[in-house]
Number of protein chains: 2
Amino acid sequence: MITMADVAQRAGVSVSTVSHVVNGTRFVKEATREVVQRAIRDTGYSHNTIARSLATASTQTFGLAISPVTNTYFAQLVAAIDAAARPAGYTLLIADTHDDPDEEIRVVRALHRRRVDGILLAPVTGVDGPSLRYLMEFGVPTVLVDRCAGGPIDQVGTENRLATAKLTQHLAELGHTRIALVSGRKGFATSAEREAGYRLGLRRAGLPFDPDLVVDGESSAEAAESAVARLLTAGGAPTGLVVTNDRMTIGTMRALARLQLQVPGDVAVVAFDDFEWADLFRPRLTAIAQPIEEIGRRAVDMLVSRLADPALQPRSVRVSPRFVHRNSCGCE
Amino acid sequence: MITMADVAQRAGVSVSTVSHVVNGTRFVKEATREVVQRAIRDTGYSHNTIARSLATASTQTFGLAISPVTNTYFAQLVAAIDAAARPAGYTLLIADTHDDPDEEIRVVRALHRRRVDGILLAPVTGVDGPSLRYLMEFGVPTVLVDRCAGGPIDQVGTENRLATAKLTQHLAELGHTRIALVSGRKGFATSAEREAGYRLGLRRAGLPFDPDLVVDGESSAEAAESAVARLLTAGGAPTGLVVTNDRMTIGTMRALARLQLQVPGDVAVVAFDDFEWADLFRPRLTAIAQPIEEIGRRAVDMLVSRLADPALQPRSVRVSPRFVHRNSCGCE
DNA sequence: TACCTGTCTGACAACGTTGTCCGATCGAGG
DNA sequence: CCTCGATCGGACAACGTTGTCAGACAGGTA
């Protein structure tokens with residue numbers, strides 16, 4: 001492998017000079033610079049990032065610990081964060097937490113060993129979970145995305161409560177009185193917030209809260225499918241469904257298809273997360289669209305600014321999602 | 001940051017010893033090992049991968065240059081490759097080529113600068129494109145995935161020709177005589193292979209090839225949507241459609257919905273790529289399912305074995321996809 | 001005692017950069 | 001002719017590991 005020393009020798013200068021022309025870190029006379037640059041081209045020199053990182057104690061890399069495979073919304077979020085990090089000069093090291101606490105702490109440690117400059121995390125656990133404790137103990141610059149765990153950590157997520165309330169109220173306004181919630185996995189910050197929003201919506205619509213109408217979809221398609229099937233075949237089945245993420249929407253749709261139930265005729269459906277194919281369903285899905293680009297942008301901004309000033313007060317930002325009105329709710 | 005020297009001092013041993021207990025690279029007396037391990041715990045030492053990489057000239061990392069955001073099948077492939085690489089002791093550095101030649105060579109260079117031990121690439125360009133030339137020139141261990149560019153490089157992909165022929169023949173057997181092809185982007189190896197398969201299927205069914213029945217979907221939903229819309233509103237519209245990837249299937253479905261055409265009544269549809277929601281469409285999509293796990297596994301195996309023996313002859317493997325028979329073809 | 005054979009651990013030179021400190025050279029001003 | 005800045009480039013010590021080469025020590029044998 002060609003090193004700076006090889007280039008230096010060929011150019012007849014020192015390695016310092018080569019380093020400085022590569023990085024532009026100090027003025028080098030035009031003529032010398034040209035000689036060096038041509039030596040770089042001639043030798044096909046490729047800069048060794050590893051050595052640079054060791055010398056500068058910086059990798060220009062952010063770790064992203066998230067579970068994009070269990071969650072299509074997260075997959076889009078990864079793309080958004082990547083798009084935001086690149087222009088800021090950072091590469092992403094993506095690690096899949098599989099939404100599992102044990103795996104989460106393992107990938108967080110792995111990211112730290114690789115000396116990423118900062119970590120973006122969609123946490124499975126809360127502030128007092130091992131991952132967050134680890135990150136805080138070692139002072140790893142961190143920002144939480146999507147799932148806002150609370151505590152003195154930078155975080156950015158969607159405003160979940162009001163949005164879910166809106167979904168619920170919308171069904172109520174259409175005359176539904178038995179509105180069920182397909183709830184996300186216990187422990188995720190988003191699940192609690194969306195359930196709170198559901199209750200708020202019910203209250204605002206003057207509807208009573210019935211615990212039997214809340215089923216646990218565990219944030220997965222499979223669990224949601226069976227939970228919804230059970231819900232709809234039991235007595236006192238609801239006429240409206242509020243589903244709280246895209247995976248569970250798929251499960252819900254599967255259950256509905258299996259039971260040969262028509263949407264919105266037999267049961268109206270509204271959901272959290274608008275995904276690419278949502279408008280291909282018949283009828284088209286009424287949904288809450290999260291501002292994914294904005295979340296990605298804000299998260300990266302936050303991390304970059306924390307690196308610049310570690311003394312900053314931890315910030316928590318909530319971005320507003322968009323209500324996408326289509327037909328699965330029963331509106332034309 | 002805590003270093004091995006700190007741990008060594010605390011344990012009252014040398015850094016060599018610490019290194020050897022960390023890596024298990026030579027025998028260390030039980031008692032000493034325990035002292036070191038407790039010092040590691042007490043100090044909260046985190047191994048510095050950067051320094052290790054510099055010393056060993058190995059990063060235990062594979063670069064994966066692919067475009068998972070423009071392609072859901074690729075997104076699954078990323079997960080499959082990750083799942084295969086992890087147990088082999090490798091981390092993935094994922095870089096998005098955006099299916100753009102300029103971006104592709106840029107990310108390939110970036111991956112090389114980061115000194116990944118090998119590269120897995122779904123190439124946009126061919127063997128004589130800049131990326132592949134670069135990789136061969138610098139002797140970077142490389143395996144091509146999905147798009148088999150040919151040439152003396154390791155590669156693994158799906159058997160595209162026979163599979164597409166089968167799709168085409170299936171429609172022919174159902175009585176269709178005007179079968180159109182929604183073709184992928186020019187230049188991708190897969191596009192050419194699938195088009196060849198379509199022609200083969202036609203030939204086997206005794207049907208003539210009509211160039212007007214081949215439209216360019218450019219491997220994207222948008223292009224496919226307008227191409228299919230144009231195709232179906234023109235004179236002599238086909239009664240059967242062979243769509244050659246998942247993105248274009250979405251575009252096709254959109255066009256069909258827009259034109260209020262029924263599947264399979266007005267037009268039968270069969271497609272390459274089976275995706276998660278394919279069974280949620282009404283009717284359910286008849287499709288070719290690529291063996292994604294196997295491709296990921298094989299690709300990683302190949303790269304690992306090439307690392308072990310750089311003198312190996314380049315290998316090219318094709319894996320057989322599965323025909324998933326549902327209803328969009330008109331059966332049932 | 002002298003020597004040998006294991007067994008265990010320590011010193012130290014890599015690895016390929018960066019950045020600081022210092023020295024060389026040159027032109028201008030006195 | 002000498003001095004003084006200004007301008008430019010080189011030497012070299014980090015950075016935190018790994019792995020080789022040796023050395024220390026204990027116990028056994030002659």
# chains A, B, ... in the order shown; residues from 1 in each chain; ligands from 1
>>> interface_residues(of="chain D", to="chain B", cutoff="12 Å", atoms="only C-alpha atoms (C1' of nucleotides)", output="ChimeraX atom specification")
/D:15-20
>>> interface_residues(of="chain B", to="chain A", cutoff="10 Å", atoms="only C-alpha atoms", output="ChimeraX atom specification")
/B:1,44-55,57-59,68-69,72,75-76,78-80,82-83,91-96,109-116,134,137-138,250-251,253-254,257,276-277,279-282
>>> write_last_selection(atoms="N, CA and C atoms", output="short mmCIF file (atom, residue, chain, number, x, y, z; two decimals), in the first residue's frame")
data_model
loop_
_atom_site.label_atom_id
_atom_site.label_comp_id
_atom_site.auth_asym_id
_atom_site.auth_seq_id
_atom_site.Cartn_x
_atom_site.Cartn_y
_atom_site.Cartn_z
N MET B 1 -9.64 9.70 27.80
CA MET B 1 -9.96 8.31 27.41
C MET B 1 -8.96 7.31 28.02
N GLY B 44 -13.20 0.89 33.32
CA GLY B 44 -14.19 1.07 32.26
C GLY B 44 -13.51 1.17 30.91
N TYR B 45 -12.41 0.47 30.78
CA TYR B 45 -11.64 0.51 29.53
C TYR B 45 -12.46 0.06 28.33
N SER B 46 -12.35 0.81 27.26
CA SER B 46 -13.00 0.44 26.00
C SER B 46 -11.93 0.34 24.93
N HIS B 47 -11.85 -0.83 24.34
CA HIS B 47 -10.79 -1.11 23.38
C HIS B 47 -10.85 -0.17 22.18
N ASN B 48 -9.71 0.37 21.80
CA ASN B 48 -9.67 1.31 20.68
C ASN B 48 -9.43 0.58 19.35
N THR B 49 -10.52 0.43 18.62
CA THR B 49 -10.48 -0.29 17.36
C THR B 49 -9.61 0.40 16.30
N ILE B 50 -9.55 1.71 16.39
CA ILE B 50 -8.77 2.47 15.41
C ILE B 50 -7.29 2.09 15.52
N ALA B 51 -6.80 2.13 16.74
CA ALA B 51 -5.39 1.81 16.97
C ALA B 51 -5.12 0.36 16.57
N ARG B 52 -6.04 -0.49 16.90
CA ARG B 52 -5.86 -1.89 16.56
C ARG B 52 -5.78 -2.08 15.03
N SER B 53 -6.67 -1.37 14.36
CA SER B 53 -6.69 -1.49 12.90
C SER B 53 -5.37 -1.01 12.30
N LEU B 54 -4.85 0.06 12.86
CA LEU B 54 -3.59 0.58 12.33
C LEU B 54 -2.48 -0.45 12.53
N ALA B 55 -2.47 -1.05 13.68
CA ALA B 55 -1.41 -2.00 14.00
C ALA B 55 -1.54 -3.31 13.20
N ALA B 57 -3.40 -3.66 10.37
CA ALA B 57 -3.72 -3.45 8.96
C ALA B 57 -4.97 -4.23 8.55
N SER B 58 -5.94 -4.21 9.42
CA SER B 58 -7.21 -4.88 9.13
C SER B 58 -8.30 -4.23 9.96
N THR B 59 -9.42 -3.97 9.32
CA THR B 59 -10.48 -3.26 10.04
C THR B 59 -11.64 -4.16 10.46
N PRO B 68 -29.92 1.17 -1.26
CA PRO B 68 -31.06 0.57 -0.58
C PRO B 68 -32.27 1.48 -0.55
N VAL B 69 -32.05 2.78 -0.74
CA VAL B 69 -33.19 3.67 -0.61
C VAL B 69 -34.02 3.72 -1.88
N THR B 72 -36.34 -1.41 -2.55
CA THR B 72 -36.67 -2.14 -1.32
C THR B 72 -36.06 -3.53 -1.27
N ALA B 75 -32.82 -3.12 0.15
CA ALA B 75 -32.89 -2.89 1.59
C ALA B 75 -32.89 -4.23 2.33
N GLN B 76 -33.64 -5.17 1.79
CA GLN B 76 -33.66 -6.50 2.41
C GLN B 76 -32.32 -7.20 2.24
N VAL B 78 -29.44 -5.77 2.13
CA VAL B 78 -28.53 -5.19 3.12
C VAL B 78 -28.67 -5.94 4.44
N ALA B 79 -29.91 -6.16 4.84
CA ALA B 79 -30.15 -6.86 6.09
C ALA B 79 -29.59 -8.28 6.03
N ALA B 80 -29.76 -8.93 4.89
CA ALA B 80 -29.28 -10.30 4.74
C ALA B 80 -27.76 -10.35 4.79
N ASP B 82 -25.80 -8.16 6.20
CA ASP B 82 -25.42 -7.84 7.57
C ASP B 82 -25.52 -9.07 8.45
N ALA B 83 -26.61 -9.80 8.28
CA ALA B 83 -26.83 -10.99 9.09
C ALA B 83 -25.77 -12.05 8.83
N THR B 91 -18.05 -6.15 10.43
CA THR B 91 -19.06 -5.10 10.50
C THR B 91 -19.24 -4.55 9.10
N LEU B 92 -20.43 -4.08 8.82
CA LEU B 92 -20.70 -3.51 7.50
C LEU B 92 -20.64 -1.99 7.53
N LEU B 93 -19.98 -1.43 6.54
CA LEU B 93 -20.04 0.01 6.35
C LEU B 93 -20.87 0.21 5.09
N ILE B 94 -22.08 0.70 5.27
CA ILE B 94 -23.01 0.79 4.15
C ILE B 94 -22.91 2.15 3.49
N ALA B 95 -22.73 2.15 2.20
CA ALA B 95 -22.63 3.41 1.47
C ALA B 95 -23.62 3.41 0.32
N ASP B 96 -24.38 4.45 0.22
CA ASP B 96 -25.43 4.52 -0.78
C ASP B 96 -24.88 5.06 -2.10
N ARG B 109 -14.27 4.90 -3.51
CA ARG B 109 -13.03 5.53 -3.03
C ARG B 109 -13.08 5.76 -1.53
N ALA B 110 -14.22 6.25 -1.07
CA ALA B 110 -14.37 6.55 0.35
C ALA B 110 -14.21 5.28 1.19
N LEU B 111 -14.80 4.21 0.70
CA LEU B 111 -14.70 2.93 1.40
C LEU B 111 -13.24 2.47 1.44
N HIS B 112 -12.55 2.65 0.34
CA HIS B 112 -11.15 2.25 0.27
C HIS B 112 -10.31 3.09 1.22
N ARG B 113 -10.57 4.38 1.29
CA ARG B 113 -9.84 5.24 2.23
C ARG B 113 -10.04 4.77 3.66
N ARG B 114 -11.22 4.27 3.91
CA ARG B 114 -11.49 3.78 5.27
C ARG B 114 -10.89 2.39 5.48
N ARG B 115 -10.23 1.89 4.47
CA ARG B 115 -9.51 0.63 4.56
C ARG B 115 -10.38 -0.55 4.99
N VAL B 116 -11.56 -0.62 4.37
CA VAL B 116 -12.38 -1.81 4.59
C VAL B 116 -11.61 -3.01 4.07
N TYR B 134 -11.19 0.73 -10.77
CA TYR B 134 -10.49 1.19 -9.57
C TYR B 134 -10.24 0.03 -8.61
N GLU B 137 -7.66 -2.35 -10.01
CA GLU B 137 -6.32 -1.74 -10.02
C GLU B 137 -5.68 -1.78 -8.64
N PHE B 138 -6.48 -1.47 -7.62
CA PHE B 138 -5.91 -1.44 -6.28
C PHE B 138 -5.99 -2.78 -5.57
N ILE B 250 -44.95 -1.11 -8.22
CA ILE B 250 -45.72 -0.07 -7.55
C ILE B 250 -46.21 0.96 -8.56
N GLY B 251 -45.32 1.38 -9.43
CA GLY B 251 -45.70 2.34 -10.46
C GLY B 251 -46.80 1.78 -11.36
N MET B 253 -49.01 -0.51 -10.59
CA MET B 253 -50.26 -0.55 -9.83
C MET B 253 -50.90 0.83 -9.78
N ARG B 254 -50.06 1.84 -9.62
CA ARG B 254 -50.58 3.21 -9.57
C ARG B 254 -51.24 3.57 -10.89
N ALA B 257 -54.53 1.79 -11.22
CA ALA B 257 -55.55 2.38 -10.36
C ALA B 257 -56.07 3.67 -10.99
N GLU B 276 -42.98 -7.70 0.88
CA GLU B 276 -43.80 -7.96 2.05
C GLU B 276 -45.29 -7.76 1.85
N TRP B 277 -45.62 -6.73 1.10
CA TRP B 277 -47.04 -6.42 1.00
C TRP B 277 -47.69 -6.97 -0.26
N ASP B 279 -48.90 -9.66 -0.89
CA ASP B 279 -50.10 -10.45 -0.66
C ASP B 279 -51.23 -9.60 -0.10
N LEU B 280 -50.97 -8.30 0.01
CA LEU B 280 -52.04 -7.42 0.49
C LEU B 280 -52.75 -6.74 -0.66
N PHE B 281 -52.10 -6.75 -1.80
CA PHE B 281 -52.77 -6.20 -2.97
C PHE B 281 -54.00 -7.05 -3.26
N ARG B 282 -55.00 -6.42 -3.88
CA ARG B 282 -56.13 -7.20 -4.37
C ARG B 282 -56.10 -7.12 -5.88
#
>>> closest_residue(among="A:Val145, A:Val22, A:Val7, A:Ala180", to="Ala65 of chain A", atoms="only C-alpha atoms")
A:Val145
>>> select_by_dssp(residues="segment 37-216 of chain A", states="strand (DSSP E or B)", output="ChimeraX atom specification")
/A:61-66,91-96,118-121,142-145,154-158,179-183,214-216
>>> select_by_dssp(residues="segment 108-166 of chain A", states="alpha helix (DSSP H)", output="VMD selection string")
chain A and resid 108 to 113 130 to 137 161 to 166
>>> write_last_selection(atoms="C-alpha atoms", output="PDB file, in the first residue's frame")
ATOM      1  CA  VAL A 108     -23.661   0.849  21.512  1.00  0.00           C
ATOM      2  CA  ARG A 109     -20.466  -0.590  22.960  1.00  0.00           C
ATOM      3  CA  ALA A 110     -19.317  -1.670  19.491  1.00  0.00           C
ATOM      4  CA  LEU A 111     -19.912   1.819  18.155  1.00  0.00           C
ATOM      5  CA  HIS A 112     -17.973   3.293  21.048  1.00  0.00           C
ATOM      6  CA  ARG A 113     -15.076   0.924  20.436  1.00  0.00           C
ATOM      7  CA  PRO A 130     -28.014   0.193  30.259  1.00  0.00           C
ATOM      8  CA  SER A 131     -27.365   1.870  26.901  1.00  0.00           C
ATOM      9  CA  LEU A 132     -28.196   5.365  27.978  1.00  0.00           C
ATOM     10  CA  ARG A 133     -26.388   4.903  31.251  1.00  0.00           C
ATOM     11  CA  TYR A 134     -23.322   3.717  29.370  1.00  0.00           C
ATOM     12  CA  LEU A 135     -23.399   6.622  26.950  1.00  0.00           C
ATOM     13  CA  MET A 136     -23.780   9.158  29.726  1.00  0.00           C
ATOM     14  CA  GLU A 137     -21.086   7.574  31.869  1.00  0.00           C
ATOM     15  CA  ARG A 161     -49.958  12.795  21.534  1.00  0.00           C
ATOM     16  CA  LEU A 162     -51.853  15.494  19.726  1.00  0.00           C
ATOM     17  CA  ALA A 163     -51.490  13.658  16.440  1.00  0.00           C
ATOM     18  CA  THR A 164     -53.037  10.467  17.787  1.00  0.00           C
ATOM     19  CA  ALA A 165     -55.755  12.492  19.471  1.00  0.00           C
ATOM     20  CA  LYS A 166     -56.546  14.004  16.111  1.00  0.00           C
TER      21      LYS A 166
END
>>> atom_distance(atom1="atom CA of Val143 of chain B", atom2="atom CA of Leu307 of chain B")
11.1 Å
>>> residues_around(residues="Lys186 of chain A", least_positions_apart="6", cutoff="9 Å", atoms="only C-alpha atoms (C1' of nucleotides)", output="count of residues only")
4
>>> atom_distance(atom1="atom CA of Thr97 of chain A", atom2="atom CA of Ile119 of chain A")
13.0 Å
>>> residues_around(residues="Leu303 of chain B", least_positions_apart="2", cutoff="9 Å", atoms="only C-alpha atoms (C1' of nucleotides)", output="list in words")
Phe62, Gly118, Ile119, Leu120, Pro141, Thr142, Val143, Asp154, Arg298, Ala299, Val300, Asp301, Ser305, Arg306, Leu307 and Ala308 of chain B
>>> write_last_selection(atoms="N, CA and C atoms", output="PDB file, in the first residue's frame")
ATOM      1  N   PHE B  62     -16.482  -4.740   6.214  1.00  0.00           N
ATOM      2  CA  PHE B  62     -16.727  -4.823   4.780  1.00  0.00           C
ATOM      3  C   PHE B  62     -17.497  -3.580   4.352  1.00  0.00           C
ATOM      4  N   GLY B 118     -12.802  -5.526   2.520  1.00  0.00           N
ATOM      5  CA  GLY B 118     -13.340  -5.990   1.256  1.00  0.00           C
ATOM      6  C   GLY B 118     -14.587  -5.188   0.913  1.00  0.00           C
ATOM      7  N   ILE B 119     -15.017  -5.284  -0.334  1.00  0.00           N
ATOM      8  CA  ILE B 119     -16.183  -4.515  -0.759  1.00  0.00           C
ATOM      9  C   ILE B 119     -17.206  -5.404  -1.446  1.00  0.00           C
ATOM     10  N   LEU B 120     -18.451  -5.203  -1.054  1.00  0.00           N
ATOM     11  CA  LEU B 120     -19.578  -5.834  -1.736  1.00  0.00           C
ATOM     12  C   LEU B 120     -20.269  -4.734  -2.515  1.00  0.00           C
ATOM     13  N   PRO B 141     -10.271  -6.595  -2.482  1.00  0.00           N
ATOM     14  CA  PRO B 141     -11.128  -7.785  -2.574  1.00  0.00           C
ATOM     15  C   PRO B 141     -12.585  -7.354  -2.749  1.00  0.00           C
ATOM     16  N   THR B 142     -13.202  -7.847  -3.801  1.00  0.00           N
ATOM     17  CA  THR B 142     -14.529  -7.354  -4.169  1.00  0.00           C
ATOM     18  C   THR B 142     -15.442  -8.500  -4.560  1.00  0.00           C
ATOM     19  N   VAL B 143     -16.700  -8.427  -4.150  1.00  0.00           N
ATOM     20  CA  VAL B 143     -17.685  -9.299  -4.786  1.00  0.00           C
ATOM     21  C   VAL B 143     -18.898  -8.493  -5.185  1.00  0.00           C
ATOM     22  N   ASP B 154     -15.423 -11.912  -8.582  1.00  0.00           N
ATOM     23  CA  ASP B 154     -16.406 -12.734  -7.876  1.00  0.00           C
ATOM     24  C   ASP B 154     -17.769 -12.067  -7.969  1.00  0.00           C
ATOM     25  N   ARG B 298     -24.074 -16.211   0.476  1.00  0.00           N
ATOM     26  CA  ARG B 298     -23.091 -16.579  -0.536  1.00  0.00           C
ATOM     27  C   ARG B 298     -22.096 -15.447  -0.777  1.00  0.00           C
ATOM     28  N   ALA B 299     -22.592 -14.243  -0.838  1.00  0.00           N
ATOM     29  CA  ALA B 299     -21.719 -13.099  -1.121  1.00  0.00           C
ATOM     30  C   ALA B 299     -20.674 -12.950  -0.022  1.00  0.00           C
ATOM     31  N   VAL B 300     -21.132 -13.044   1.216  1.00  0.00           N
ATOM     32  CA  VAL B 300     -20.193 -12.903   2.334  1.00  0.00           C
ATOM     33  C   VAL B 300     -19.202 -14.066   2.347  1.00  0.00           C
ATOM     34  N   ASP B 301     -19.695 -15.264   2.140  1.00  0.00           N
ATOM     35  CA  ASP B 301     -18.812 -16.437   2.082  1.00  0.00           C
ATOM     36  C   ASP B 301     -17.716 -16.230   1.050  1.00  0.00           C
ATOM     37  N   SER B 305     -13.742 -16.029   1.768  1.00  0.00           N
ATOM     38  CA  SER B 305     -12.811 -17.015   1.214  1.00  0.00           C
ATOM     39  C   SER B 305     -11.777 -16.350   0.301  1.00  0.00           C
ATOM     40  N   ARG B 306     -12.155 -15.294  -0.344  1.00  0.00           N
ATOM     41  CA  ARG B 306     -11.174 -14.570  -1.165  1.00  0.00           C
ATOM     42  C   ARG B 306     -10.104 -13.933  -0.276  1.00  0.00           C
ATOM     43  N   LEU B 307     -10.505 -13.419   0.866  1.00  0.00           N
ATOM     44  CA  LEU B 307      -9.553 -12.846   1.815  1.00  0.00           C
ATOM     45  C   LEU B 307      -8.570 -13.922   2.262  1.00  0.00           C
ATOM     46  N   ALA B 308      -9.127 -15.109   2.479  1.00  0.00           N
ATOM     47  CA  ALA B 308      -8.293 -16.211   2.939  1.00  0.00           C
ATOM     48  C   ALA B 308      -7.311 -16.647   1.848  1.00  0.00           C
TER      49      ALA B 308
END
>>> atom_distance(atom1="atom CA of Thr32 of chain A", atom2="atom C1' of DA14 of chain D")
26.4 Å
>>> closest_atom_pairs(of="chain C", to="chain A", cutoff="9 Å", atoms="only C-alpha atoms (C1' of nucleotides)", output="CSV")
residue,atom,partner,partner_atom,distance
C:DC15,C1',A:Ala51,CA,8.1
C:DG16,C1',A:Ala51,CA,5.1
C:DT17,C1',A:Ala51,CA,4.7
C:DT18,C1',A:Ala55,CA,5.7
C:DG19,C1',A:Ser16,CA,8.8
>>> residues_around(residues="segment 224-237 of chain B", least_positions_apart="4", cutoff="6 Å", atoms="only C-alpha atoms (C1' of nucleotides)", output="ChimeraX atom specification")
/B:217,248,251-252,255
>>> write_last_selection(atoms="N, CA and C atoms", output="PDB file, in the first residue's frame")
ATOM      1  N   GLY B 217     -39.268   1.216 -17.906  1.00  0.00           N
ATOM      2  CA  GLY B 217     -39.707   1.688 -16.598  1.00  0.00           C
ATOM      3  C   GLY B 217     -38.559   2.280 -15.800  1.00  0.00           C
ATOM      4  N   MET B 248     -41.071  -0.864  -9.941  1.00  0.00           N
ATOM      5  CA  MET B 248     -41.897  -0.672 -11.134  1.00  0.00           C
ATOM      6  C   MET B 248     -43.269  -1.301 -10.964  1.00  0.00           C
ATOM      7  N   GLY B 251     -45.317   1.381  -9.434  1.00  0.00           N
ATOM      8  CA  GLY B 251     -45.699   2.342 -10.461  1.00  0.00           C
ATOM      9  C   GLY B 251     -46.801   1.785 -11.357  1.00  0.00           C
ATOM     10  N   THR B 252     -46.655   0.527 -11.700  1.00  0.00           N
ATOM     11  CA  THR B 252     -47.652  -0.125 -12.546  1.00  0.00           C
ATOM     12  C   THR B 252     -49.013  -0.145 -11.860  1.00  0.00           C
ATOM     13  N   ALA B 255     -50.569   3.229 -11.974  1.00  0.00           N
ATOM     14  CA  ALA B 255     -51.118   3.550 -13.297  1.00  0.00           C
ATOM     15  C   ALA B 255     -52.449   2.836 -13.493  1.00  0.00           C
TER      16      ALA B 255
END
>>> closest_residue(among="D:DA13, D:DA30, D:DC2, D:DA22", to="DT9 of chain C", atoms="only C-alpha atoms (C1' of nucleotides)")
D:DA22
>>> residues_around(residues="Pro291 of chain A", least_positions_apart="6", cutoff="12 Å", atoms="only C-alpha atoms (C1' of nucleotides)", output="PDB file with C-alpha atoms, in the first residue's frame")
ATOM      1  CA  TYR A  73     -40.308   4.209   8.944  1.00  0.00           C
ATOM      2  CA  GLN A  76     -36.567   6.060   5.729  1.00  0.00           C
ATOM      3  CA  LEU A  77     -35.197   7.797   8.803  1.00  0.00           C
ATOM      4  CA  ALA A  80     -32.801  11.053   6.012  1.00  0.00           C
ATOM      5  CA  ASP A 146     -37.903   9.148  17.431  1.00  0.00           C
ATOM      6  CA  VAL A 156     -35.819  14.837  18.727  1.00  0.00           C
ATOM      7  CA  GLY A 157     -39.066  13.141  17.914  1.00  0.00           C
ATOM      8  CA  THR A 158     -42.524  13.595  16.531  1.00  0.00           C
ATOM      9  CA  GLU A 159     -45.338  15.176  18.505  1.00  0.00           C
ATOM     10  CA  ASN A 160     -47.246  11.945  19.085  1.00  0.00           C
ATOM     11  CA  ASP A 273     -47.173   6.528   9.638  1.00  0.00           C
ATOM     12  CA  ASP A 274     -47.757   7.258   6.025  1.00  0.00           C
ATOM     13  CA  PHE A 275     -45.761   4.950   3.803  1.00  0.00           C
ATOM     14  CA  ARG A 297     -31.887  17.116   9.820  1.00  0.00           C
ATOM     15  CA  ARG A 298     -32.596  18.267  13.336  1.00  0.00           C
ATOM     16  CA  ARG A 318     -40.718  17.868  18.911  1.00  0.00           C
ATOM     17  CA  VAL A 319     -41.676  18.242  15.308  1.00  0.00           C
ATOM     18  CA  SER A 320     -45.241  18.343  14.054  1.00  0.00           C
ATOM     19  CA  PRO A 321     -46.482  15.591  11.775  1.00  0.00           C
ATOM     20  CA  ARG A 322     -48.955  16.041   8.956  1.00  0.00           C
ATOM     21  CA  PHE A 323     -52.478  14.649   8.782  1.00  0.00           C
ATOM     22  CA  VAL A 324     -52.970  12.997   5.397  1.00  0.00           C
TER      23      VAL A 324
END
>>> residues_around(residues="DT7 of chain D", least_positions_apart="4", cutoff="12 Å", atoms="only C-alpha atoms (C1' of nucleotides)", output="JSON, numbers by chain")
{"A": [26, 27, 28, 29], "C": [24, 25, 26, 27]}
>>> write_last_selection(atoms="N, CA and C atoms (P, O5', C5', C4', C3', O3' and C1' of nucleotides)", output="JSON list (two decimals), in the first residue's frame")
[["chain", "number", "residue", "atom", "x", "y", "z"],
["A", 26, "ARG", "N", -1.88, 24.08, 5.80],
["A", 26, "ARG", "CA", -1.03, 25.27, 5.84],
["A", 26, "ARG", "C", -0.62, 25.62, 4.43],
["A", 27, "PHE", "N", -0.18, 26.83, 4.24],
["A", 27, "PHE", "CA", 0.12, 27.28, 2.90],
["A", 27, "PHE", "C", 1.33, 26.55, 2.34],
["A", 28, "VAL", "N", 1.20, 26.06, 1.11],
["A", 28, "VAL", "CA", 2.32, 25.42, 0.44],
["A", 28, "VAL", "C", 2.48, 26.12, -0.92],
["A", 29, "LYS", "N", 3.71, 26.45, -1.22],
["A", 29, "LYS", "CA", 3.97, 27.19, -2.45],
["A", 29, "LYS", "C", 3.40, 26.45, -3.66],
["C", 24, "DA", "P", 19.73, 25.56, 9.54],
["C", 24, "DA", "O5'", 19.31, 25.86, 8.04],
["C", 24, "DA", "C5'", 18.65, 24.86, 7.30],
["C", 24, "DA", "C4'", 17.99, 25.49, 6.09],
["C", 24, "DA", "C3'", 18.86, 26.54, 5.40],
["C", 24, "DA", "O3'", 18.79, 26.31, 4.00],
["C", 24, "DA", "C1'", 16.77, 27.49, 5.98],
["C", 25, "DT", "P", 19.91, 26.95, 3.07],
["C", 25, "DT", "O5'", 19.07, 27.92, 2.14],
["C", 25, "DT", "C5'", 17.74, 27.54, 1.74],
["C", 25, "DT", "C4'", 16.96, 28.79, 1.42],
["C", 25, "DT", "C3'", 17.78, 29.91, 0.77],
["C", 25, "DT", "O3'", 17.18, 30.22, -0.47],
["C", 25, "DT", "C1'", 16.38, 30.75, 2.48],
["C", 26, "DC", "P", 17.98, 31.12, -1.55],
["C", 26, "DC", "O5'", 17.01, 32.36, -1.65],
["C", 26, "DC", "C5'", 15.60, 32.20, -1.44],
["C", 26, "DC", "C4'", 14.98, 33.56, -1.23],
["C", 26, "DC", "C3'", 15.80, 34.71, -1.83],
["C", 26, "DC", "O3'", 14.94, 35.61, -2.50],
["C", 26, "DC", "C1'", 15.35, 35.13, 0.46],
["C", 27, "DG", "P", 15.56, 36.63, -3.57],
["C", 27, "DG", "O5'", 14.71, 37.93, -3.25],
["C", 27, "DG", "C5'", 13.39, 37.79, -2.74],
["C", 27, "DG", "C4'", 13.04, 39.01, -1.93],
["C", 27, "DG", "C3'", 13.63, 40.31, -2.47],
["C", 27, "DG", "O3'", 12.65, 41.33, -2.39],
["C", 27, "DG", "C1'", 14.35, 39.97, -0.23]]
